[in-house]
Amino acid sequence: MKVFLLILLLILLFGEMLDDDKQCSVNMSGGKPSNVTSDTGVGPKAKVCPITGKVLQPGQEIEAVLSNDKKIILCCSDCRKQVEKDFKRYEGLMY
């Protein structure tokens, strides 16, 4: 019985790790960010990642400090890399 519970626990933990790896799907399309909506928000009030469109859960979002000395709220560091590539595209969400 203990072995079964241990295996179940490992499956649950491993499953969460896989979900975390899949959380970010960077939008590589050109033009304006396709996922920016009125719910996106700016600064600490941001509710949606402008790159992935993922709803930001309190405490799970990151405040990324960019190389242009501005900040933006995103879901992960992969999204920060995308913003760094094209500042003008996300400028309205920086503070």
# chains A, B, ... in the order shown; residues from 1 in each chain; ligands from 1
$ residues_around --residues "Lys70 in chain A" --least-positions-apart "5" --cutoff "7 Å" --atoms "only C-alpha atoms" --output "JSON, numbers by chain"
{"A": [65, 94, 95]}
$ write_last_selection --atoms "C-alpha atoms" --output "PDB file, in the first residue's frame"
ATOM      1  CA  VAL A  65      13.046  44.175 -15.394  1.00  0.00           C
ATOM      2  CA  MET A  94       5.763  48.583 -19.773  1.00  0.00           C
ATOM      3  CA  TYR A  95       5.969  50.830 -16.739  1.00  0.00           C
TER       4      TYR A  95
END
$ residues_around --residues "Ser77 in chain A" --least-positions-apart "5" --cutoff "9 Å" --atoms "only C-alpha atoms" --output "PDB file with C-alpha atoms, in the first residue's frame"
ATOM      1  CA  ILE A  62       6.933  37.593 -12.739  1.00  0.00           C
ATOM      2  CA  ALA A  64      10.516  41.347 -15.451  1.00  0.00           C
ATOM      3  CA  GLN A  82      10.361  37.649 -26.464  1.00  0.00           C
TER       4      GLN A  82
END
$ residues_around --residues "Leu74 in chain A" --least-positions-apart "2" --cutoff "12 Å" --atoms "only C-alpha atoms" --output "JSON, numbers by chain"
{"A": [23, 24, 26, 36, 40, 41, 42, 43, 44, 45, 46, 47, 48, 49, 50, 51, 52, 53, 54, 55, 56, 57, 58, 59, 60, 61, 62, 63, 64, 65, 66, 71, 72, 76, 77, 78, 79, 80, 81, 82, 83, 90, 93, 94]}
$ closest_residue --among "A:Leu5, A:Glu84, A:Ile11, A:Gly92" --to "Asn68 in chain A" --atoms "only C-alpha atoms"
A:Glu84
